[in-house]
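K.L.:
Have a look at this one.
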Amino acid sequence: MNGESKKLSGFTSRLLHHPYTAPAGFSAFPEAIHHASTVLFDSVAAMRARSWQDKSAYTYGLHGTPTSFTLEARLAAIEGGQHCLLAPSGLAAIMLVDMALLSSGDDVLIPDNVYGPNRELALWLSQSFGISVRFYPPLIGADIAGLIQENTKLIWTEAPGSVSMEVPDIPAICAAADARGVLVALDNTWSGGIAFQAFQHGVDISMQALTKYQSGGSDVLMGALITRDKDLNQRLQMAHMRLGMGVGMDDVYLILRNLPTLKLRFEAHDRSATEIARWLSARPEIHKVLHPALPDCPGHDIWKRDFTGAGGLFSVLFNPAFSEAQTDCFVESLHLFKIGFSWGGAHSLCVPYRIRQMRSQWEEQGNLVRFNIGLEETEDLIADIEQALGKMKKTG
């Protein structure tokens, strides 16, 4: 202790104002976790000179610490973006886009196969905030030009579509939108930002649910918005600040810890899922496999043109001869596949969906079941599916 600290008579004061500072120069692979609400300034002038929008310095914990700034920079680099904002979940990131870019009287176009909570959010915006919401056919492509109105400010896209897995022509949609000055936001979660380069195909905002592959552990909720345009990023930043969106640095650390293995894990999911999807396509119990890398999936040719991988998520339609009770039995008979939402983690998951209640139009036959293929051995997962199919048929 130096002489200054000895002048403090109170025990608690000495604890709070201990003079020790750890030596500089510590270096290790893990990123440090910087927790803070209050950020300290050297002077009043320094405090007044800083802006929360300027990420060259720090102002308040809600706007970031070195830990979150590092994650934002790395996520932007993965997708070839320039700017990144973190949100408490993927849905929070979606809401941030809507709140930043839409006002009463504006119009937004959303694919009919959009992520369910995005649909619910859009309907809330329509009912309570006077925003026009219209749902378009997922494979509309360049024909979306005919739906763009003078008040259309935003087009949401999702590649592939949630649950039903249609692959849209993103470049065609973006070209039509750009010709009318309309922004395009893409839910790029399925590709992990790896298998589809959003900005190279004309997208303005790439949304990622980091809950999925970036986390990889089924234990973190977080979302991200990645952009290239500075002015667009500032519009998103203002909404981010006004909504008070913050993320915990411990969660940020978990994402940072798992990023180095992101591509390796994605490719492992991809290999196993593709093998299992092909095996399922030959099974008589399955009517159709909705895996973008397989010909039966709508938009398969677009996937071949624009994507470099497929990850671990796909759906199947069962033979219409099997009832919902039977396909539910199939799901419940699985041992390695657990019943649960989300995906991108190490464990395999399986969920049945009542797809006809989720779409404005759905003409396909058969009950839909979605698989998340984890990191278990492929042959073990196939054996598990095979025994569950056997039990399902016995219930008939």
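Naming works like this for the structure tokens: A, B, ... for the chains as they're shown, residue 1 at the start of each chain, ligands 1 onward in shown order.
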Please identify every residue of range 7-111 of chain A that has at least one atom no farther than 12 Å from an atom of range 123-129 of chain A, counting only C-alpha atoms, and for each give the shortest atom pair and the distance in Å to one decimal, arranged by chain then increasing number, as JSON lines.
P.N.:
```
{"residue": "A:Met95", "atom": "CA", "partner": "A:Leu125", "partner_atom": "CA", "distance": 9.8}
{"residue": "A:Asp98", "atom": "CA", "partner": "A:Leu125", "partner_atom": "CA", "distance": 8.7}
{"residue": "A:Met99", "atom": "CA", "partner": "A:Leu125", "partner_atom": "CA", "distance": 9.3}
{"residue": "A:Leu102", "atom": "CA", "partner": "A:Leu125", "partner_atom": "CA", "distance": 9.3}
{"residue": "A:Ser103", "atom": "CA", "partner": "A:Phe129", "partner_atom": "CA", "distance": 7.7}
{"residue": "A:Ser104", "atom": "CA", "partner": "A:Phe129", "partner_atom": "CA", "distance": 5.8}
{"residue": "A:Gly105", "atom": "CA", "partner": "A:Phe129", "partner_atom": "CA", "distance": 8.6}
{"residue": "A:Asp106", "atom": "CA", "partner": "A:Ser126", "partner_atom": "CA", "distance": 9.9}
{"residue": "A:Asp107", "atom": "CA", "partner": "A:Ser126", "partner_atom": "CA", "distance": 9.3}
{"residue": "A:Val108", "atom": "CA", "partner": "A:Ser126", "partner_atom": "CA", "distance": 9.7}
{"residue": "A:Leu109", "atom": "CA", "partner": "A:Leu123", "partner_atom": "CA", "distance": 11.8}
{"residue": "A:Ile110", "atom": "CA", "partner": "A:Leu123", "partner_atom": "CA", "distance": 10.8}
```
K.L.:
I need the residues of range 168-384 of chain A that end up classed as alpha helix (DSSP H) by DSSP on the backbone, written out as a PyMOL selection string.
P.N.:
chain A and resi 170-179+230-242+249-258+262-281+300-306+324-333+378-384
K.L.:
Give the answer as one residue: which of A:Leu381, A:Ala198, A:Val351, A:Ile255 has the shortest atom-to-atom distance to His335 in chain A, using only C-alpha atoms?
P.N.:
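Of the candidates, the smallest distance to His335 in chain A is held by A:Leu381.
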K.L.:
Using only C-alpha atoms, which of A:Ala87, A:Leu236, A:Leu154, A:Ala273 sits nearest Leu183 in chain A?
P.N.:
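Residue with the minimum atom-to-atom distance to Leu183 in chain A: A:Leu154.
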K.L.:
So which residues touch Phe135 in chain A within 12 Å, counting only C-alpha atoms, skipping near sequence neighbours fewer than 5 positions away, as an mmCIF file with C-alpha atoms, in the first residue's frame?
P.N.:
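Dumped to around.cif:
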```cif
data_model
loop_
_atom_site.group_PDB
_atom_site.id
_atom_site.type_symbol
_atom_site.label_atom_id
_atom_site.label_comp_id
_atom_site.auth_asym_id
_atom_site.auth_seq_id
_atom_site.Cartn_x
_atom_site.Cartn_y
_atom_site.Cartn_z
ATOM 1 C CA ASP A 107 -45.621 -0.863 -45.615
ATOM 2 C CA VAL A 108 -43.512 -3.994 -45.055
ATOM 3 C CA LEU A 109 -43.427 -7.166 -47.154
ATOM 4 C CA ILE A 110 -42.805 -10.483 -45.374
ATOM 5 C CA PRO A 111 -42.528 -14.018 -46.822
ATOM 6 C CA ASP A 112 -45.357 -16.346 -45.932
ATOM 7 C CA ASN A 113 -42.858 -18.895 -44.588
ATOM 8 C CA VAL A 114 -41.256 -16.434 -42.164
ATOM 9 C CA ASN A 118 -41.533 -12.567 -36.810
ATOM 10 C CA ARG A 119 -45.032 -13.096 -38.198
ATOM 11 C CA ALA A 122 -45.592 -8.072 -37.814
ATOM 12 C CA LEU A 123 -49.267 -8.609 -36.982
ATOM 13 C CA ILE A 140 -41.837 -14.947 -55.753
ATOM 14 C CA ILE A 144 -41.964 -9.025 -55.949
ATOM 15 C CA LEU A 147 -45.979 -5.775 -54.844
ATOM 16 C CA ILE A 148 -43.762 -2.804 -54.009
ATOM 17 C CA ILE A 155 -38.781 -6.312 -47.364
ATOM 18 C CA TRP A 156 -38.011 -9.193 -45.028
ATOM 19 C CA THR A 157 -36.490 -12.347 -46.491
ATOM 20 C CA ARG A 359 -49.115 -20.706 -43.762
ATOM 21 C CA SER A 360 -51.656 -18.710 -45.726
ATOM 22 C CA GLN A 361 -51.497 -21.407 -48.395
#
```
K.L.:
In range 236-378 of chain A, what's strand (DSSP E or B) per DSSP? Answer as number ranges by chain?
P.N.:
A: 286-290, 313-318, 338, 349-353, 368-372
K.L.:
Output C-alpha atoms for every residue in that selection, as a compact mmCIF listing (two decimals), in the first residue's frame.
P.N.:
```
# COMPACT_ATOMS: atom_id res chain seq x y z
CA ILE A 286 -41.45 -40.34 -46.08
CA HIS A 287 -43.35 -38.48 -48.79
CA LYS A 288 -40.82 -35.68 -49.30
CA VAL A 289 -37.57 -34.46 -47.76
CA LEU A 290 -37.40 -30.67 -47.48
CA LEU A 313 -31.61 -28.26 -40.14
CA PHE A 314 -34.22 -29.76 -42.48
CA SER A 315 -37.79 -31.06 -42.51
CA VAL A 316 -39.66 -34.06 -43.87
CA LEU A 317 -43.23 -34.67 -44.93
CA PHE A 318 -44.49 -38.08 -43.93
CA LYS A 338 -34.95 -34.76 -28.00
CA LEU A 349 -33.67 -32.36 -31.90
CA CYS A 350 -36.99 -33.26 -33.53
CA VAL A 351 -40.24 -31.25 -33.55
CA PRO A 352 -43.58 -31.89 -35.31
CA TYR A 353 -45.33 -28.85 -36.80
CA LEU A 368 -44.31 -32.23 -41.22
CA VAL A 369 -41.50 -33.02 -38.80
CA ARG A 370 -38.33 -30.91 -38.47
CA PHE A 371 -34.93 -32.37 -37.62
CA ASN A 372 -31.90 -30.65 -36.15
```
K.L.:
Which residues, written as a PyMOL selection string, have at least one atom at most 8 Å from Thr378 in chain A, with only C-alpha atoms counted and residues fewer than 4 positions away on the same chain left out?
P.N.:
chain A and resi 272+275-276+382
K.L.:
So how many Å separate CA of Pro66 in chain A and CA of Gly192 in chain A, to one decimal?
P.N.:
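Separation of CA of Pro66 in chain A and CA of Gly192 in chain A: 23.5 Å.
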K.L.:
May I have the residues within 8 Å of Ala36 in chain A as a PDB file with C-alpha atoms, in the first residue's frame, using only C-alpha atoms and disregarding those fewer than 2 positions away in the same chain?
P.N.:
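The resulting part-v4.pdb:
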```pdb
ATOM      1  CA  HIS A  34     -15.336  -6.856 -19.120  1.00  0.00           C
ATOM      2  CA  THR A  38     -20.518   2.558 -15.087  1.00  0.00           C
ATOM      3  CA  VAL A  39     -17.595   3.484 -17.343  1.00  0.00           C
ATOM      4  CA  TYR A  60     -21.769   3.250 -20.583  1.00  0.00           C
ATOM      5  CA  GLY A  61     -22.037  -0.499 -20.197  1.00  0.00           C
ATOM      6  CA  THR A  65     -17.416  -3.016 -23.395  1.00  0.00           C
TER       7      THR A  65
END
```
K.L.:
Find, counting only C-alpha atoms, the residue in A:Asp250, A:Leu62, A:Pro260, A:Glu324 that gets nearest to Ile355 in chain A.
P.N.:
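Closest to Ile355 in chain A of all the choices is A:Glu324.
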K.L.:
Just the number, please: distance in Å from CA of Phe196 in chain A to CA of Thr308 in chain A, one decimal.
P.N.:
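Computing the Euclidean distance for CA of Phe196 in chain A and CA of Thr308 in chain A yields 6.7 Å.
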K.L.:
Contacts of Asp380 in chain A at 12 Å or less, counting only C-alpha atoms, minus same-chain residues fewer than 6 places along, as a PyMOL selection string?
P.N.:
chain A and resi 272+276+334-337+348+373-374+386-387
